[in-house]
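A.B. asks: Input: one structure, supplied below.
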Amino acid sequence: MELERKNGEWIKSGSCDLGLRRIKVADEKNGGEVKWVKTKVDLDNHVKIPMVDQHMASPDQFVEDYIANLTNTQISTSIPMWDVHILNLKTCDAESTLVIRVHHSLGDGTSLMSFLISCCRKTSEPDALTSFPAAKKSRPHTGWFWKFWSVLLLAWNTLVDIWMCVATTYFLKDTQTPLKAPSRAVAFTSRRIVRRTFCVDDVILVKNATNTKVNDVVLAITQAGLSRYLNRKYGKCMGDGESWENNLPNSVRLTATLFINLRSYPGIYAIAEMVKKHSQTDWGNKIGYVLYPFKIALKDNPLDYIRDAKATMDRKKATLEAQFRLFMAKLATFPLTTMWFSNVAGPQEEISLFGNQVTFIAPSLYGQPVALTIHIISYEKKISMVLSVDDNIIPDPYQLCDDFEEALKLVKKAVVAEGLIKK
């Protein structure tokens with residue numbers, strides 16, 4: 001799917017414009033019902049190229065502050081709800097930074113990642129389309145007994161999760177930790193967006209050694225990192241960073257809203273495929289969510305975090321919780337958890353956008369009623385954790401990044417120590 005420029009406008013080839021040339025208006029003839037209407041795109045309203053000092057002392061801090069200031073503003077509803085900011089300033093990561101801001105009504109993370117990849121080409125082959133990281137579907141159990149047991153387990157788990165949904169929404173609240181926002185008013189505060197990048201080979205090494213999924217490993221290091229961070233907040237660490245005095249309160253309840261792709265065929269697909277009629281990989285917002293309980297604790301064996309994550313995710317795969325919560329979110333209050341968590345696959349090889357090599361991708365968001373949101377994104381041989389934080393509540397997000405990085409090192413070290421892989 002290509003972008004074409006006609007009469008000064010960037011548009012998508014074909015009949016579908018994905019909302020990039022549409023605005024929401026109230027249809028007075030249908031009782032004020034909101035509908036999408038095509039409009040003309042004035043690029044001056046959407047493309048921003050601020051003048052910057054090329055010799056400033058801290059260009060990386062400038063880019064971070066620029067994005068933080070963007071989170072204090074909203075995209076006007078009188079124009080298509082997206083804009084692009086080009087920061088021609090060399091940082092430690094790139095020659096320049098492209099900030100693309102899109103309203104969530106246009107599509108979820110899967111849709112927007114598909115759009116980005118469809119616009120790009122392989123750096124090694126400038127005329128070649130990039131590969132799409134389509135997910136593999138798990139094989140279902142065969143035999144009548146396993147099918148019967150799977151249906152029974154699905155029904156039971158869903159009933160339990162429905163009860164937990166109601167309980168979490170109305171009276172079973174998370175512990176008020178240093179990571180938790182005191183109220184939903186945090187949705188209107190600015191966000192600081194930071195990231196930490198790891199080598200994807202380290203994550204895959206742990207995944208293969210423990211017979212788990214990449215998502216299990218990422219959730220495990222998140223749980224370990226959160227535990228380290230909170231333990232430091234409640235006290236002080238000792239010595240070498242591996243020996244800790246346990247300062248954590250008993251029975252900390254810390255829940256994440258974990259977003260799930262509800263498409264029939266999960267994964268990232270070309271835009272041309274997503275916009276087909278009756279496509280199983282629909283464009284738009286096709287996400288549900290589950291409540292993921294992080295067990296905050298300091299564990300003697302770091303591999304216990306992996307075991308916790310795998311057990312929890314195996315349980316979450318055998319439930320209709322995500323579909324039920326999507327339905328409930330349209331009718332009732334969204335449950336107030338401590339954090340949000342999302343994971344999306346990115347390009348599998350190095351890509352270029354309109355001839356410009358892409359060195360990193362860092363998706364995030366603002367306007368959410370939590371103080372911490374974590375996005376996981378893979379790109380080529382890297383995997384990044386992108387944090388969106390309210391720095392009035394979490395003033396040291398880079399310390400949290402350090403704890404995630406240290407958690408991965410400890411898990412990898414434990415895998416080697418137990419002889420699960422060769423050194």
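Ligands are numbered from 1 in the order shown, residues from 1 within each chain, and chains are lettered A, B, ... in the order they appear in the structure tokens.
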Skip Ser118 (chain A) itself and residues of its chain fewer than 4 positions away, then list as an mmCIF file with C-alpha atoms, in the first residue's frame all residues within 10 Å of it, counting only C-alpha atoms.

C.D. replies:
data_model
loop_
_atom_site.group_PDB
_atom_site.id
_atom_site.type_symbol
_atom_site.label_atom_id
_atom_site.label_comp_id
_atom_site.auth_asym_id
_atom_site.auth_seq_id
_atom_site.Cartn_x
_atom_site.Cartn_y
_atom_site.Cartn_z
ATOM 1 C CA MET A 1 0.000 0.000 0.000
ATOM 2 C CA GLU A 2 1.633 3.239 -1.169
ATOM 3 C CA LEU A 3 1.271 6.880 -0.176
ATOM 4 C CA LEU A 112 -0.724 1.767 13.226
ATOM 5 C CA MET A 113 2.296 -0.555 13.170
ATOM 6 C CA SER A 114 0.907 -2.164 9.997
ATOM 7 C CA LEU A 129 8.696 -4.395 0.855
ATOM 8 C CA THR A 130 9.470 -5.216 4.450
ATOM 9 C CA SER A 131 8.557 -8.551 6.011
ATOM 10 C CA PHE A 132 5.582 -8.643 8.351
ATOM 11 C CA TYR A 269 -0.178 -7.627 8.223
ATOM 12 C CA ALA A 270 0.073 -5.340 5.188
ATOM 13 C CA ILE A 271 -2.482 -2.540 5.037
ATOM 14 C CA ALA A 272 -3.764 -3.937 1.732
ATOM 15 C CA LEU A 353 10.991 5.489 5.603
#

A.B. asks: Could you give me, as CSV, every region 67-130 of chain A residue with an atom at most 12 Å from region 276-294 of chain A, plus its closest atom pair and distance in Å to one decimal, counting only C-alpha atoms, rows ordered by chain then number?

C.D. replies:
residue,atom,partner,partner_atom,distance
A:His103,CA,A:Asn285,CA,11.4
A:His104,CA,A:Asn285,CA,8.0
A:Ser105,CA,A:Asn285,CA,7.3
A:Leu106,CA,A:Gly284,CA,6.4
A:Gly107,CA,A:Gly284,CA,4.2
A:Asp108,CA,A:Asn285,CA,4.8
A:Gly109,CA,A:Asn285,CA,8.3
A:Thr110,CA,A:Trp283,CA,8.4
A:Ser111,CA,A:Trp283,CA,5.6
A:Leu112,CA,A:Gly284,CA,8.8
A:Met113,CA,A:Trp283,CA,10.9
A:Ser114,CA,A:Trp283,CA,9.0
A:Phe115,CA,A:Trp283,CA,9.6

A.B. asks: Let me make sure I understand: among A:Asn231, A:Ser190, A:Thr197, A:Thr169, which one has the smallest atom-to-atom distance to Phe334 (chain A) if we use only C-alpha atoms?

C.D. replies: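 Closest candidate: A:Thr169.
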
A.B. asks: Which residues of region 109-199 of chain A come within 7 Å of region 63-73 of chain A, and what is each one's closest atom pair and distance in Å (one decimal), counting only C-alpha atoms, sorted by chain and residue number, as a tab-separated table?

C.D. replies:
residue	atom	partner	partner_atom	distance
A:Ser190	CA	A:Thr71	CA	5.2
A:Arg191	CA	A:Ala68	CA	5.5
A:Arg192	CA	A:Ala68	CA	5.1
A:Ile193	CA	A:Ala68	CA	6.9

A.B. asks: For the structure I just gave you, how does DSSP split region 226-363 of chain A - specifically, which residues are strand (DSSP E or B)? Reply as a PyMOL selection string.

C.D. replies: chain A and resi 238+243+253-261+267+287-295+339-344+351-353+356-357

A.B. asks: My list of candidates is A:Asp127, A:Ser251, A:Glu350, A:Ala209. Which is closest to Val416 (chain A) when distances are computed with only C-alpha atoms?

C.D. replies: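 For Val416 (chain A), the nearest of the candidates is A:Ala209.
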
A.B. asks: As a PyMOL selection string, please: all residues of region 172-370 of chain A that backbone DSSP puts in alpha helix (DSSP H).

C.D. replies: chain A and resi 200-210+214-234+271-274+303-317+321-329

A.B. asks: Choose the residue, out of A:Cys119, A:Leu248, A:Val84, A:Val358, that has the smallest atom-to-atom separation from Asn45 (chain A); count only C-alpha atoms.

C.D. replies: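 The shortest atom-to-atom distance to Asn45 (chain A) comes from A:Val84.
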
A.B. asks: For Ala26 (chain A), which residue among A:Thr77, A:Asp308, A:Asn88, A:Arg315 is the nearest when counting only C-alpha atoms?

C.D. replies: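 Among the listed residues, the smallest separation from Ala26 (chain A) belongs to A:Thr77.
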
A.B. asks: For Glu321 (chain A), work out the shell of residues within 10 Å, counting only C-alpha atoms and skipping chain neighbours fewer than 3 positions away, then give it as a ChimeraX atom specification.

C.D. replies: /A:154,157-162,164-165,288-291,316-318,324-327

A.B. asks: For Thr337 (chain A), work out the shell of residues within 9 Å, counting only C-alpha atoms and skipping chain neighbours fewer than 4 positions away, then give it as a list in words.

C.D. replies: Thr168, Thr169, Lys173, Asp174, Lys180, Ala181, Leu254, Thr255, Ala256, Thr257, Leu291, Pro369 and Val370 of chain A

A.B. asks: Could you please determine the separation between CA of Gly367 (chain A) and CA of Phe188 (chain A) in Å, to one decimal place?

C.D. replies: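 Going from CA of Gly367 (chain A) over to CA of Phe188 (chain A), I get 6.0 Å.
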
A.B. asks: Can you pull out the residues contacting Val206 (chain A)? Cut-off 12 Å, using only C-alpha atoms, and skip same-chain residues under 5 positions away; I want them as a PyMOL selection string.

C.D. replies: chain A and resi 199-201+211-218+220-221+302-303+305-307+408-416+418-422

A.B. asks: When distances are computed from only C-alpha atoms, which of A:Trp163, A:Glu125, A:Glu406, A:Pro80 shows the smallest separation from Gly225 (chain A)?

C.D. replies: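 Residue with the minimum atom-to-atom distance to Gly225 (chain A): A:Glu406.
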
A.B. asks: With distances taken over only C-alpha atoms, which of A:Leu336, A:Val52, A:Ile204, A:Val275 is nearest to Tyr170 (chain A)?

C.D. replies: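 Answer, going by the shortest atom-to-atom distance: A:Leu336.
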
A.B. asks: I want to know what sits within 12 Å of Ile49 (chain A), based on only C-alpha atoms, with residues of the same chain fewer than 5 positions away left out; could you give that as a VMD selection string?

C.D. replies: chain A and resid 43 to 44 83 to 89 96 to 99

A.B. asks: So the first atom is CA of Ser378 (chain A) and the second is CA of Ala345 (chain A); what is the distance between them in Å, to one decimal place?

C.D. replies: 5.4 Å

A.B. asks: Provide the CA of Asn30 (chain A) to CA of Val102 (chain A) distance in Å, to one decimal place.

C.D. replies: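 Between CA of Asn30 (chain A) and CA of Val102 (chain A) the gap is 27.6 Å.
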